[in-house]
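Novice: entry_1.txt (compact mmCIF, C-alpha atoms) pasted underneath:
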```txt
# COMPACT_ATOMS: atom_id res chain seq x y z
CA MET A 272 90.61 122.86 96.71
CA HIS A 273 93.45 120.80 98.13
CA PHE A 274 94.37 122.45 101.42
CA SER A 275 96.61 119.71 102.78
CA ARG A 276 98.23 116.73 101.13
CA ARG A 277 99.59 114.85 104.17
CA ILE A 278 97.37 111.98 105.27
CA GLU A 279 97.05 110.50 108.78
CA HIS A 280 94.91 107.39 108.27
CA CYS A 281 94.90 104.57 105.73
CA PRO A 282 92.29 105.37 103.05
CA MET A 283 91.69 101.63 102.59
CA CYS A 284 91.21 100.37 106.19
CA GLY A 285 91.26 103.49 108.40
CA THR A 286 94.27 102.52 110.56
CA ARG A 287 96.66 105.34 111.53
CA VAL A 288 99.51 105.35 108.97
CA GLU A 289 103.26 105.44 109.53
CA HIS A 290 105.30 107.99 107.55
CA ARG A 291 108.43 106.12 106.47
CA VAL A 292 110.41 104.94 103.45
CA PRO A 293 108.96 101.61 102.26
CA ALA A 294 111.15 98.74 101.04
CA ASP A 295 112.28 99.24 97.41
CA ASP A 296 111.62 102.99 97.64
CA ASN A 297 113.64 106.08 98.51
CA ARG A 298 110.98 108.53 99.71
CA ASP A 299 108.81 109.00 102.75
CA ARG A 300 105.32 107.55 102.14
CA ALA A 301 102.17 106.97 104.17
CA VAL A 302 102.36 103.24 104.92
CA CYS A 303 99.56 101.31 106.66
CA PRO A 304 100.92 99.01 109.41
CA ALA A 305 97.67 96.99 109.34
CA CYS A 306 96.83 96.30 105.67
CA GLY A 307 100.15 97.29 104.08
CA HIS A 308 98.61 99.85 101.70
CA ILE A 309 100.97 102.62 100.59
CA GLN A 310 99.26 105.92 99.81
CA TYR A 311 101.23 107.96 97.29
CA VAL A 312 100.75 111.71 97.04
CA ASN A 313 101.78 113.29 93.74
CA PRO A 314 101.53 116.67 92.00
CA LEU A 315 98.20 117.67 90.46
CA ASN A 316 97.37 119.37 87.18
CA VAL A 317 95.57 122.69 86.97
CA VAL A 318 94.13 123.19 83.48
CA GLY A 319 92.85 126.41 81.98
CA THR A 320 92.55 128.66 78.96
CA LEU A 321 93.61 132.07 77.68
CA PRO A 322 90.43 133.09 75.80
CA VAL A 323 90.88 135.77 73.14
CA TRP A 324 88.35 138.06 71.43
CA GLY A 325 89.96 140.35 68.85
CA ASP A 326 92.65 142.28 70.75
CA GLU A 327 91.11 141.47 74.14
CA VAL A 328 91.56 138.58 76.60
CA LEU A 329 89.02 137.20 79.06
CA LEU A 330 89.72 137.36 82.80
CA CYS A 331 87.54 136.21 85.69
CA ARG A 332 87.37 137.88 89.10
CA ARG A 333 87.47 135.13 91.74
CA ASN A 334 84.53 134.73 94.09
CA ILE A 335 86.30 132.05 96.17
CA GLU A 336 89.47 131.71 98.24
CA PRO A 337 92.33 131.65 97.70
CA ARG A 338 92.72 135.12 96.17
CA LYS A 339 89.04 136.06 96.28
CA GLY A 340 88.48 139.36 94.43
CA PHE A 341 91.58 138.96 92.26
CA TRP A 342 91.62 138.34 88.51
CA THR A 343 92.51 135.01 86.91
CA LEU A 344 92.37 133.10 83.68
CA PRO A 345 89.67 130.41 83.88
CA ALA A 346 91.40 127.32 85.31
CA GLY A 347 91.00 124.58 87.89
CA PHE A 348 91.98 121.07 88.91
CA MET A 349 91.87 118.45 86.16
CA GLU A 350 89.35 115.69 86.95
CA LEU A 351 89.42 111.93 86.37
CA GLY A 352 87.72 110.89 83.12
CA GLU A 353 88.74 113.94 81.10
CA THR A 354 91.71 115.04 78.99
CA THR A 355 93.70 118.19 79.75
CA GLU A 356 91.85 119.87 76.84
CA GLU A 357 88.44 118.79 78.13
CA GLY A 358 89.32 119.99 81.63
CA ALA A 359 90.46 123.38 80.32
CA SER A 360 87.21 123.76 78.35
CA ARG A 361 85.10 122.65 81.32
CA GLU A 362 86.74 125.19 83.63
CA THR A 363 86.17 127.94 81.06
CA ASP A 364 82.50 127.00 80.93
CA GLU A 365 82.13 126.71 84.72
CA GLU A 366 84.00 129.89 85.65
CA ALA A 367 83.13 132.20 82.75
CA GLY A 368 80.21 130.51 80.94
CA ALA A 369 82.16 131.26 77.77
CA ARG A 370 82.04 129.34 74.48
CA ILE A 371 85.50 128.77 73.04
CA GLU A 372 87.48 126.92 70.43
CA LEU A 373 90.81 125.60 71.75
CA GLN A 374 93.93 126.61 69.82
CA GLY A 375 96.59 124.37 71.32
CA LEU A 376 98.70 123.98 74.43
CA TYR A 377 100.43 127.26 75.22
CA ALA A 378 102.08 127.09 78.66
CA VAL A 379 103.23 124.31 81.01
CA ILE A 380 104.25 125.84 84.35
CA ASN A 381 105.53 123.83 87.31
CA VAL A 382 104.51 125.30 90.67
CA VAL A 383 106.80 123.17 92.82
CA SER A 384 105.90 124.46 96.28
CA ALA A 385 102.20 123.84 95.59
CA GLY A 386 102.77 120.41 94.04
CA GLN A 387 101.01 121.55 90.86
CA VAL A 388 101.55 121.70 87.11
CA HIS A 389 99.53 124.40 85.35
CA LEU A 390 98.64 123.82 81.69
CA PHE A 391 97.10 126.72 79.74
CA TYR A 392 95.59 126.49 76.26
CA ARG A 393 95.11 129.40 73.90
CA ALA A 394 91.46 129.70 72.92
CA ARG A 395 89.30 131.73 70.54
CA LEU A 396 86.07 133.10 72.04
CA LEU A 397 83.07 132.31 69.83
CA ASP A 398 80.97 135.18 71.27
CA THR A 399 81.03 137.66 74.18
CA ASP A 400 77.92 136.41 75.97
CA PHE A 401 79.46 135.29 79.29
CA HIS A 402 77.60 133.56 82.11
CA PRO A 403 79.98 133.31 85.07
CA GLY A 404 79.31 130.54 87.61
CA PRO A 405 79.26 130.87 91.42
CA GLU A 406 83.08 130.80 91.64
CA THR A 407 83.33 134.03 89.62
CA ILE A 408 82.26 137.60 90.51
CA GLU A 409 82.54 138.83 86.94
CA ALA A 410 84.01 137.78 83.59
CA LYS A 411 85.37 140.66 81.54
CA LEU A 412 87.45 141.36 78.41
CA PHE A 413 90.66 143.39 78.77
CA ARG A 414 92.95 145.07 76.25
CA GLU A 415 96.66 144.67 77.03
CA ALA A 416 96.89 148.25 78.34
CA ASP A 417 94.03 147.61 80.78
CA ILE A 418 95.18 144.28 82.30
CA PRO A 419 95.00 144.60 86.13
CA TRP A 420 98.61 143.42 86.58
CA ASP A 421 98.68 144.26 90.31
CA ASP A 422 95.41 142.44 90.95
CA LEU A 423 96.12 139.12 89.23
CA ALA A 424 95.39 136.09 91.42
CA PHE A 425 98.37 133.86 90.57
CA ARG A 426 101.92 134.09 89.20
CA THR A 427 101.09 131.43 86.58
CA VAL A 428 98.39 133.73 85.20
CA LYS A 429 100.81 136.67 85.09
CA MET A 430 103.50 134.59 83.33
CA THR A 431 101.05 133.21 80.77
CA LEU A 432 99.65 136.68 79.96
CA GLU A 433 103.15 138.21 79.71
CA ARG A 434 104.25 135.52 77.26
CA PHE A 435 101.03 135.88 75.27
CA PHE A 436 101.39 139.64 74.76
CA ALA A 437 105.12 139.26 73.94
CA ASP A 438 104.32 136.53 71.39
CA ARG A 439 101.43 138.52 69.93
CA ALA A 440 103.77 141.45 69.31
CA THR A 441 105.94 139.18 67.16
CA GLY A 442 103.04 137.29 65.54
CA GLN A 443 104.60 133.93 66.57
CA PHE A 444 103.01 131.90 69.36
CA GLY A 445 105.41 129.34 70.82
CA MET A 446 104.81 126.74 73.54
CA HIS A 447 106.23 127.96 76.85
CA CYS A 448 107.60 125.97 79.79
CA ALA A 449 108.50 127.60 83.08
CA ASP A 450 109.06 126.74 86.73
CA ILE A 451 108.04 128.55 89.91
CA ARG A 452 109.66 127.28 93.12
CA MET B 17 102.38 102.17 91.37
CA HIS B 18 98.80 103.30 91.82
CA PHE B 19 96.69 100.14 91.68
CA SER B 20 93.42 101.64 92.87
CA ARG B 21 92.25 105.20 93.24
CA ARG B 22 88.94 104.68 95.12
CA ILE B 23 89.27 105.24 98.85
CA GLU B 24 87.12 103.72 101.63
CA HIS B 25 88.22 105.57 104.77
CA CYS B 26 88.91 109.20 105.59
CA PRO B 27 92.67 109.81 105.33
CA MET B 28 92.39 112.46 108.05
CA CYS B 29 90.38 110.69 110.80
CA GLY B 30 89.94 107.09 109.58
CA THR B 31 86.10 107.06 109.51
CA ARG B 32 84.46 105.15 106.63
CA VAL B 33 83.69 107.68 103.88
CA GLU B 34 80.49 108.26 101.92
CA HIS B 35 80.73 108.50 98.14
CA ARG B 36 78.39 111.35 97.17
CA VAL B 37 78.24 114.76 95.51
CA PRO B 38 79.15 117.42 98.11
CA ALA B 39 77.35 120.78 98.31
CA ASP B 40 78.67 123.26 95.70
CA ASP B 41 80.09 120.41 93.59
CA ASN B 42 78.84 118.29 90.69
CA ARG B 43 80.91 115.09 91.04
CA ASP B 44 80.99 112.08 93.30
CA ARG B 45 83.64 112.53 96.01
CA ALA B 46 84.79 110.66 99.10
CA VAL B 47 83.20 112.67 101.92
CA CYS B 48 83.87 111.99 105.61
CA PRO B 49 80.64 112.02 107.67
CA ALA B 50 82.65 112.53 110.87
CA CYS B 51 85.20 115.30 110.20
CA GLY B 52 83.80 116.64 106.90
CA HIS B 53 87.03 116.14 104.95
CA ILE B 54 86.56 115.72 101.19
CA GLN B 55 89.24 113.58 99.54
CA TYR B 56 89.69 114.52 95.89
CA VAL B 57 91.21 112.04 93.44
CA ASN B 58 92.72 113.55 90.29
CA PRO B 59 94.82 112.44 87.31
CA LEU B 60 98.54 111.93 87.84
CA ASN B 61 101.52 112.82 85.68
CA VAL B 62 103.94 110.25 84.30
CA VAL B 63 107.17 111.95 83.23
CA GLY B 64 109.90 110.48 81.06
CA THR B 65 112.45 110.99 78.32
CA LEU B 66 113.29 109.89 74.80
CA PRO B 67 117.10 109.65 75.07
CA VAL B 68 119.00 109.82 71.77
CA TRP B 69 122.56 108.81 70.87
CA GLY B 70 123.39 109.47 67.22
CA ASP B 71 120.75 107.61 65.20
CA GLU B 72 119.78 105.39 68.14
CA VAL B 73 117.25 105.73 70.98
CA LEU B 74 117.46 104.26 74.46
CA LEU B 75 114.85 101.77 75.63
CA CYS B 76 114.57 99.93 78.96
CA ARG B 77 113.22 96.40 79.41
CA ARG B 78 110.89 96.44 82.42
CA ASN B 79 111.73 94.27 85.42
CA ILE B 80 108.43 95.13 87.20
CA GLU B 81 104.72 94.78 86.55
CA PRO B 82 102.78 95.97 84.73
CA ARG B 83 104.28 94.82 81.43
CA LYS B 84 107.33 93.11 82.90
CA GLY B 85 109.72 92.02 80.13
CA PHE B 86 108.43 94.65 77.66
CA TRP B 87 110.38 97.67 76.41
CA THR B 88 109.70 101.23 77.49
CA LEU B 89 111.12 104.72 77.45
CA PRO B 90 112.38 105.65 80.93
CA ALA B 91 109.37 107.17 82.74
CA GLY B 92 107.46 107.10 86.01
CA PHE B 93 105.19 109.03 88.33
CA MET B 94 106.13 112.63 88.99
CA GLU B 95 106.89 113.25 92.69
CA LEU B 96 106.13 116.19 95.00
CA GLY B 97 109.02 118.66 95.22
CA GLU B 98 110.20 118.31 91.65
CA THR B 99 109.40 119.83 88.26
CA THR B 100 108.28 117.75 85.27
CA GLU B 101 111.82 118.14 83.87
CA GLU B 102 113.43 117.04 87.13
CA GLY B 103 111.10 114.05 87.35
CA ALA B 104 111.87 113.00 83.78
CA SER B 105 115.62 113.24 84.48
CA ARG B 106 115.26 111.34 87.76
CA GLU B 107 113.37 108.49 86.10
CA THR B 108 116.03 108.28 83.38
CA ASP B 109 118.68 107.99 86.06
CA GLU B 110 116.72 105.47 88.16
CA GLU B 111 115.63 103.21 85.30
CA ALA B 112 118.59 103.44 82.92
CA GLY B 113 121.40 105.00 84.93
CA ALA B 114 121.91 107.24 81.92
CA ARG B 115 123.35 110.77 81.85
CA ILE B 116 121.31 113.10 79.64
CA GLU B 117 120.76 116.69 78.62
CA LEU B 118 117.07 117.56 78.22
CA GLN B 119 116.02 119.08 74.89
CA GLY B 120 112.50 120.26 75.60
CA LEU B 121 108.98 118.94 76.06
CA TYR B 122 108.09 116.67 73.15
CA ALA B 123 104.81 114.83 73.87
CA VAL B 124 101.82 115.38 76.18
CA ILE B 125 99.55 112.34 76.03
CA ASN B 126 96.34 111.97 78.02
CA VAL B 127 95.61 108.39 79.06
CA VAL B 128 92.04 108.95 80.20
CA SER B 129 91.12 105.43 81.36
CA ALA B 130 94.22 105.32 83.58
CA GLY B 131 93.72 108.85 84.94
CA GLN B 132 97.21 109.81 83.73
CA VAL B 133 98.94 112.46 81.66
CA HIS B 134 102.26 111.32 80.15
CA LEU B 135 104.87 113.99 79.43
CA PHE B 136 107.96 113.00 77.43
CA TYR B 137 111.05 115.14 76.90
CA ARG B 138 113.55 114.70 74.11
CA ALA B 139 117.03 114.18 75.54
CA ARG B 140 120.61 113.87 74.31
CA LEU B 141 122.62 111.05 75.86
CA LEU B 142 126.01 112.29 77.13
CA ASP B 143 127.58 108.80 76.97
CA THR B 144 126.55 105.15 76.53
CA ASP B 145 127.62 103.90 79.95
CA PHE B 146 124.23 102.76 81.32
CA HIS B 147 123.60 101.47 84.84
CA PRO B 148 120.00 100.25 84.96
CA GLY B 149 118.34 100.13 88.39
CA PRO B 150 116.29 97.28 89.89
CA GLU B 151 113.18 98.21 87.87
CA THR B 152 115.00 97.51 84.59
CA ILE B 153 116.30 94.21 83.12
CA GLU B 154 118.46 95.95 80.53
CA ALA B 155 118.93 99.38 78.93
CA LYS B 156 119.81 99.26 75.24
CA LEU B 157 120.18 101.51 72.19
CA PHE B 158 118.03 100.78 69.12
CA ARG B 159 118.16 102.02 65.56
CA GLU B 160 114.72 102.78 64.06
CA ALA B 161 114.78 99.53 62.04
CA ASP B 162 115.42 97.48 65.18
CA ILE B 163 112.76 98.97 67.51
CA PRO B 164 110.82 96.05 69.08
CA TRP B 165 107.44 97.53 68.06
CA ASP B 166 105.49 94.40 69.09
CA ASP B 167 107.17 94.28 72.49
CA LEU B 168 106.70 97.88 73.63
CA ALA B 169 105.19 98.19 77.10
CA PHE B 170 102.76 101.08 76.59
CA ARG B 171 100.84 102.85 73.80
CA THR B 172 102.24 106.19 74.94
CA VAL B 173 105.77 104.88 74.27
CA LYS B 174 104.75 103.65 70.80
CA MET B 175 103.09 106.98 69.94
CA THR B 176 106.07 109.00 71.15
CA LEU B 177 108.56 106.89 69.19
CA GLU B 178 106.40 106.99 66.02
CA ARG B 179 106.21 110.78 66.16
CA PHE B 180 109.94 111.05 66.86
CA PHE B 181 110.97 109.00 63.82
CA ALA B 182 108.44 110.83 61.61
CA ASP B 183 109.77 114.20 62.81
CA ARG B 184 113.39 113.09 62.43
CA ALA B 185 112.72 112.21 58.81
CA THR B 186 111.63 115.81 58.20
CA GLY B 187 114.28 117.40 60.44
CA GLN B 188 111.58 119.36 62.34
CA PHE B 189 110.68 118.34 65.90
CA GLY B 190 107.27 119.68 66.93
CA MET B 191 105.49 119.36 70.29
CA HIS B 192 102.85 116.64 70.11
CA CYS B 193 99.57 116.32 72.01
CA ALA B 194 97.46 113.19 71.82
CA ASP B 195 94.70 111.39 73.72
CA ILE B 196 94.19 107.71 74.48
CA ARG B 197 90.75 106.76 75.87
```
Using structure tokens, write down the structure from this file.

Specialist:
Amino acid sequence: MHFSRRIEHCPMCGTRVEHRVPADDNRDRAVCPACGHIQYVNPLNVVGTLPVWGDEVLLCRRNIEPRKGFWTLPAGFMELGETTEEGASRETDEEAGARIELQGLYAVINVVSAGQVHLFYRARLLDTDFHPGPETIEAKLFREADIPWDDLAFRTVKMTLERFFADRATGQFGMHCADIR
Amino acid sequence: MHFSRRIEHCPMCGTRVEHRVPADDNRDRAVCPACGHIQYVNPLNVVGTLPVWGDEVLLCRRNIEPRKGFWTLPAGFMELGETTEEGASRETDEEAGARIELQGLYAVINVVSAGQVHLFYRARLLDTDFHPGPETIEAKLFREADIPWDDLAFRTVKMTLERFFADRATGQFGMHCADIR
């Protein structure tokens, strides 16, 4: 998890940084007065899936903070060395131990206050033999009528599920973009 | 620009970090032996636009490295405090000084070796009065037949333009996902 994004020391030489606008820039950055390194801090991607089995979707109950005990779609921070698709599949394996086939990018949601972009892929479950990892209390299939709307972990999960059920009712799955401030 | 992503000192306390797999993790991280801070390094988003005026598209000739002197679509690193759309618009303003109306997410391209995800939006130019900033030598409209294919700065720009002209020929603009290793 990324609890704080502001840095105090130069990650290259260890000197205490100055927070100021560098030459040829227009934003506050962490600038090292000793070695001159500028440390940029940028938004991060959270990648996940919406796994489907018949008329049910897979949710995971979180075993870690934030939002421990609440239900989420399998998702987590994208890592270096992988694509968004690979990251979404990896998180589905780590959090639910579920085997899936990806079905395309479904939602791109900016979470501005968190400095995050959430990317969700639709996915087809290949079986219902789940093996949740340590970050998950349980992985469970839900029909639309049984979704625990009041116990969802994140607004991005709620938005993605709402759009999915609305699209499913029409039989047409679009690609959805949304912003949360 | 992000020239290097590996860090040597703790950005919180300045102590030299260890590169090892922390408890409850499965990847090498920068771990501080003094304060315990773990510094994660994750892929970054590059956001840009494909600005269109009639049958022409807008390209910018880069005035900065990498790829100085080569042609690109206006794009750059997404910043904290903005959405992907806002970042794409900002980069179009900074690099081309062009007024646009966004027309939706068009391409999501993973550039795995660079640790980047490039997101391009289609855009409609509102006029042809360009005011390129210091990062751009010139901003210019090109018909498909005149695109400087051999002098494009990045593969993501080439892929996005190729898909755009192919889609335009059919009259149907899809949303494209691609990976570059």

Novice: Please produce, as JSON lines, a per-residue contact table for chain B versus chain A (criterion: any atom at most 9 Å away, all atoms listed in the file considered), showing the nearest atom pair and its distance in Å to one decimal, sorted by chain then residue number.

Specialist:
```
{"residue": "B:Met17", "atom": "CA", "partner": "A:Tyr311", "partner_atom": "CA", "distance": 8.4}
{"residue": "B:His18", "atom": "CA", "partner": "A:Tyr311", "partner_atom": "CA", "distance": 7.6}
{"residue": "B:Arg22", "atom": "CA", "partner": "A:Met283", "partner_atom": "CA", "distance": 8.5}
{"residue": "B:Ile23", "atom": "CA", "partner": "A:Pro282", "partner_atom": "CA", "distance": 5.2}
{"residue": "B:Glu24", "atom": "CA", "partner": "A:Met283", "partner_atom": "CA", "distance": 5.1}
{"residue": "B:His25", "atom": "CA", "partner": "A:Pro282", "partner_atom": "CA", "distance": 4.4}
{"residue": "B:Cys26", "atom": "CA", "partner": "A:Pro282", "partner_atom": "CA", "distance": 5.7}
{"residue": "B:Pro27", "atom": "CA", "partner": "A:His280", "partner_atom": "CA", "distance": 4.4}
{"residue": "B:Met28", "atom": "CA", "partner": "A:Glu279", "partner_atom": "CA", "distance": 5.1}
{"residue": "B:Cys29", "atom": "CA", "partner": "A:His280", "partner_atom": "CA", "distance": 6.1}
{"residue": "B:Gly30", "atom": "CA", "partner": "A:Gly285", "partner_atom": "CA", "distance": 4.0}
{"residue": "B:Thr31", "atom": "CA", "partner": "A:Gly285", "partner_atom": "CA", "distance": 6.4}
{"residue": "B:Arg32", "atom": "CA", "partner": "A:Gly285", "partner_atom": "CA", "distance": 7.2}
{"residue": "B:Val33", "atom": "CA", "partner": "A:Pro282", "partner_atom": "CA", "distance": 8.9}
{"residue": "B:Asp40", "atom": "CA", "partner": "A:Pro405", "partner_atom": "CA", "distance": 8.8}
{"residue": "B:Gln55", "atom": "CA", "partner": "A:His273", "partner_atom": "CA", "distance": 8.5}
{"residue": "B:Tyr56", "atom": "CA", "partner": "A:His273", "partner_atom": "CA", "distance": 7.7}
{"residue": "B:Val57", "atom": "CA", "partner": "A:Leu351", "partner_atom": "CA", "distance": 7.3}
{"residue": "B:Asn58", "atom": "CA", "partner": "A:Glu350", "partner_atom": "CA", "distance": 5.2}
{"residue": "B:Pro59", "atom": "CA", "partner": "A:Leu351", "partner_atom": "CA", "distance": 5.5}
{"residue": "B:Leu60", "atom": "CA", "partner": "A:Leu315", "partner_atom": "CA", "distance": 6.3}
{"residue": "B:Asn61", "atom": "CA", "partner": "A:Pro314", "partner_atom": "CA", "distance": 7.4}
{"residue": "B:Phe93", "atom": "CA", "partner": "A:Asn313", "partner_atom": "CA", "distance": 7.7}
{"residue": "B:Met94", "atom": "CA", "partner": "A:Asn313", "partner_atom": "CA", "distance": 6.5}
{"residue": "B:Glu95", "atom": "CA", "partner": "A:Asn313", "partner_atom": "CA", "distance": 5.2}
{"residue": "B:Leu96", "atom": "CA", "partner": "A:Asn313", "partner_atom": "CA", "distance": 5.4}
{"residue": "B:Gly97", "atom": "CA", "partner": "A:Val383", "partner_atom": "CA", "distance": 5.6}
{"residue": "B:Glu98", "atom": "CA", "partner": "A:Val383", "partner_atom": "CA", "distance": 6.0}
{"residue": "B:Thr99", "atom": "CA", "partner": "A:Asn381", "partner_atom": "CA", "distance": 5.6}
{"residue": "B:Thr100", "atom": "CA", "partner": "A:Asn381", "partner_atom": "CA", "distance": 7.0}
{"residue": "B:Gly120", "atom": "CA", "partner": "A:Cys448", "partner_atom": "CA", "distance": 8.6}
{"residue": "B:Leu121", "atom": "CA", "partner": "A:Cys448", "partner_atom": "CA", "distance": 8.1}
{"residue": "B:Ile125", "atom": "CA", "partner": "A:Thr354", "partner_atom": "CA", "distance": 8.8}
{"residue": "B:Asn126", "atom": "CA", "partner": "A:Thr354", "partner_atom": "CA", "distance": 5.6}
{"residue": "B:Val127", "atom": "CA", "partner": "A:Thr354", "partner_atom": "CA", "distance": 7.7}
{"residue": "B:Val128", "atom": "CA", "partner": "A:Gly352", "partner_atom": "CA", "distance": 5.6}
{"residue": "B:Ser129", "atom": "CA", "partner": "A:Gly352", "partner_atom": "CA", "distance": 6.7}
{"residue": "B:Ala130", "atom": "CA", "partner": "A:Gly352", "partner_atom": "CA", "distance": 8.6}
{"residue": "B:Gly131", "atom": "CA", "partner": "A:Leu351", "partner_atom": "CA", "distance": 5.5}
{"residue": "B:Gln132", "atom": "CA", "partner": "A:Leu351", "partner_atom": "CA", "distance": 8.5}
{"residue": "B:Val133", "atom": "CA", "partner": "A:Thr355", "partner_atom": "CA", "distance": 8.0}
{"residue": "B:Pro150", "atom": "CA", "partner": "A:Asp295", "partner_atom": "CA", "distance": 8.7}
{"residue": "B:Met191", "atom": "CA", "partner": "A:Met446", "partner_atom": "CA", "distance": 8.1}
{"residue": "B:Cys193", "atom": "CA", "partner": "A:Leu376", "partner_atom": "CA", "distance": 8.1}
{"residue": "B:Asp195", "atom": "CA", "partner": "A:Thr354", "partner_atom": "CA", "distance": 7.1}
{"residue": "B:Ile196", "atom": "CA", "partner": "A:Thr354", "partner_atom": "CA", "distance": 9.0}
{"residue": "B:Arg197", "atom": "CA", "partner": "A:Gly352", "partner_atom": "CA", "distance": 8.9}
```

Novice: Mind listing whatever residues come within 12 Å of the point (85.2, 127.0, 79.7)? Use all atoms listed in the file, file coordinates, and give them as a PDB file with C-alpha atoms, keeping the file's coordinate frame.

Specialist:
```pdb
ATOM      1  CA  VAL A 318      94.130 123.190  83.480  1.00  0.00           C
ATOM      2  CA  GLY A 319      92.850 126.410  81.980  1.00  0.00           C
ATOM      3  CA  THR A 320      92.550 128.660  78.960  1.00  0.00           C
ATOM      4  CA  LEU A 321      93.610 132.070  77.680  1.00  0.00           C
ATOM      5  CA  PRO A 322      90.430 133.090  75.800  1.00  0.00           C
ATOM      6  CA  LEU A 329      89.020 137.200  79.060  1.00  0.00           C
ATOM      7  CA  LEU A 330      89.720 137.360  82.800  1.00  0.00           C
ATOM      8  CA  CYS A 331      87.540 136.210  85.690  1.00  0.00           C
ATOM      9  CA  LEU A 344      92.370 133.100  83.680  1.00  0.00           C
ATOM     10  CA  PRO A 345      89.670 130.410  83.880  1.00  0.00           C
ATOM     11  CA  ALA A 346      91.400 127.320  85.310  1.00  0.00           C
ATOM     12  CA  GLY A 347      91.000 124.580  87.890  1.00  0.00           C
ATOM     13  CA  GLU A 356      91.850 119.870  76.840  1.00  0.00           C
ATOM     14  CA  GLU A 357      88.440 118.790  78.130  1.00  0.00           C
ATOM     15  CA  GLY A 358      89.320 119.990  81.630  1.00  0.00           C
ATOM     16  CA  ALA A 359      90.460 123.380  80.320  1.00  0.00           C
ATOM     17  CA  SER A 360      87.210 123.760  78.350  1.00  0.00           C
ATOM     18  CA  ARG A 361      85.100 122.650  81.320  1.00  0.00           C
ATOM     19  CA  GLU A 362      86.740 125.190  83.630  1.00  0.00           C
ATOM     20  CA  THR A 363      86.170 127.940  81.060  1.00  0.00           C
ATOM     21  CA  ASP A 364      82.500 127.000  80.930  1.00  0.00           C
ATOM     22  CA  GLU A 365      82.130 126.710  84.720  1.00  0.00           C
ATOM     23  CA  GLU A 366      84.000 129.890  85.650  1.00  0.00           C
ATOM     24  CA  ALA A 367      83.130 132.200  82.750  1.00  0.00           C
ATOM     25  CA  GLY A 368      80.210 130.510  80.940  1.00  0.00           C
ATOM     26  CA  ALA A 369      82.160 131.260  77.770  1.00  0.00           C
ATOM     27  CA  ARG A 370      82.040 129.340  74.480  1.00  0.00           C
ATOM     28  CA  ILE A 371      85.500 128.770  73.040  1.00  0.00           C
ATOM     29  CA  GLU A 372      87.480 126.920  70.430  1.00  0.00           C
ATOM     30  CA  LEU A 373      90.810 125.600  71.750  1.00  0.00           C
ATOM     31  CA  PHE A 391      97.100 126.720  79.740  1.00  0.00           C
ATOM     32  CA  TYR A 392      95.590 126.490  76.260  1.00  0.00           C
ATOM     33  CA  ARG A 393      95.110 129.400  73.900  1.00  0.00           C
ATOM     34  CA  ALA A 394      91.460 129.700  72.920  1.00  0.00           C
ATOM     35  CA  ARG A 395      89.300 131.730  70.540  1.00  0.00           C
ATOM     36  CA  LEU A 396      86.070 133.100  72.040  1.00  0.00           C
ATOM     37  CA  LEU A 397      83.070 132.310  69.830  1.00  0.00           C
ATOM     38  CA  PHE A 401      79.460 135.290  79.290  1.00  0.00           C
ATOM     39  CA  HIS A 402      77.600 133.560  82.110  1.00  0.00           C
ATOM     40  CA  PRO A 403      79.980 133.310  85.070  1.00  0.00           C
ATOM     41  CA  GLY A 404      79.310 130.540  87.610  1.00  0.00           C
ATOM     42  CA  ALA A 410      84.010 137.780  83.590  1.00  0.00           C
TER      43      ALA A 410
END
```

Novice: With all atoms listed in the file as the atoms that count, which of A:Val428, A:His389, A:Gly340, A:Ala440 lies nearest to Ile408 of chain A?

Specialist: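 Smallest distance to Ile408 of chain A is found for A:Gly340.
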
Novice: To one decimal place in Å, what is the distance between atom CA of Val302 of chain A and atom CA of Val62 of chain B?

Specialist: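 These atoms are spaced 21.8 Å apart.
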
Novice: Calculate how many Å separate atom CA of Asp400 of chain A from atom CA of Arg332 of chain A, rounding to one decimal.

Specialist: 16.2 Å

Novice: If we count all atoms listed in the file, what is near segment 421-423 of chain A at a cut-off of 8 Å, once residues fewer than 6 positions away on the same chain are taken out, given as a list in words?

Specialist: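 Here the qualifying residues turn out to be Phe341, Trp342, Thr343 and Lys429 of chain A.
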
Novice: Leaving out Arg184 of chain B and any residue of its chain fewer than 2 positions from it, which residues lie within 12 Å of it when counting all atoms listed in the file, given as a count of residues only?

Specialist: 18

Novice: Do you have the atom CA of Gly307 of chain A-atom CA of Ala294 of chain A distance handy?

Specialist: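 Rounded to one decimal, the two atoms are 11.5 Å apart.
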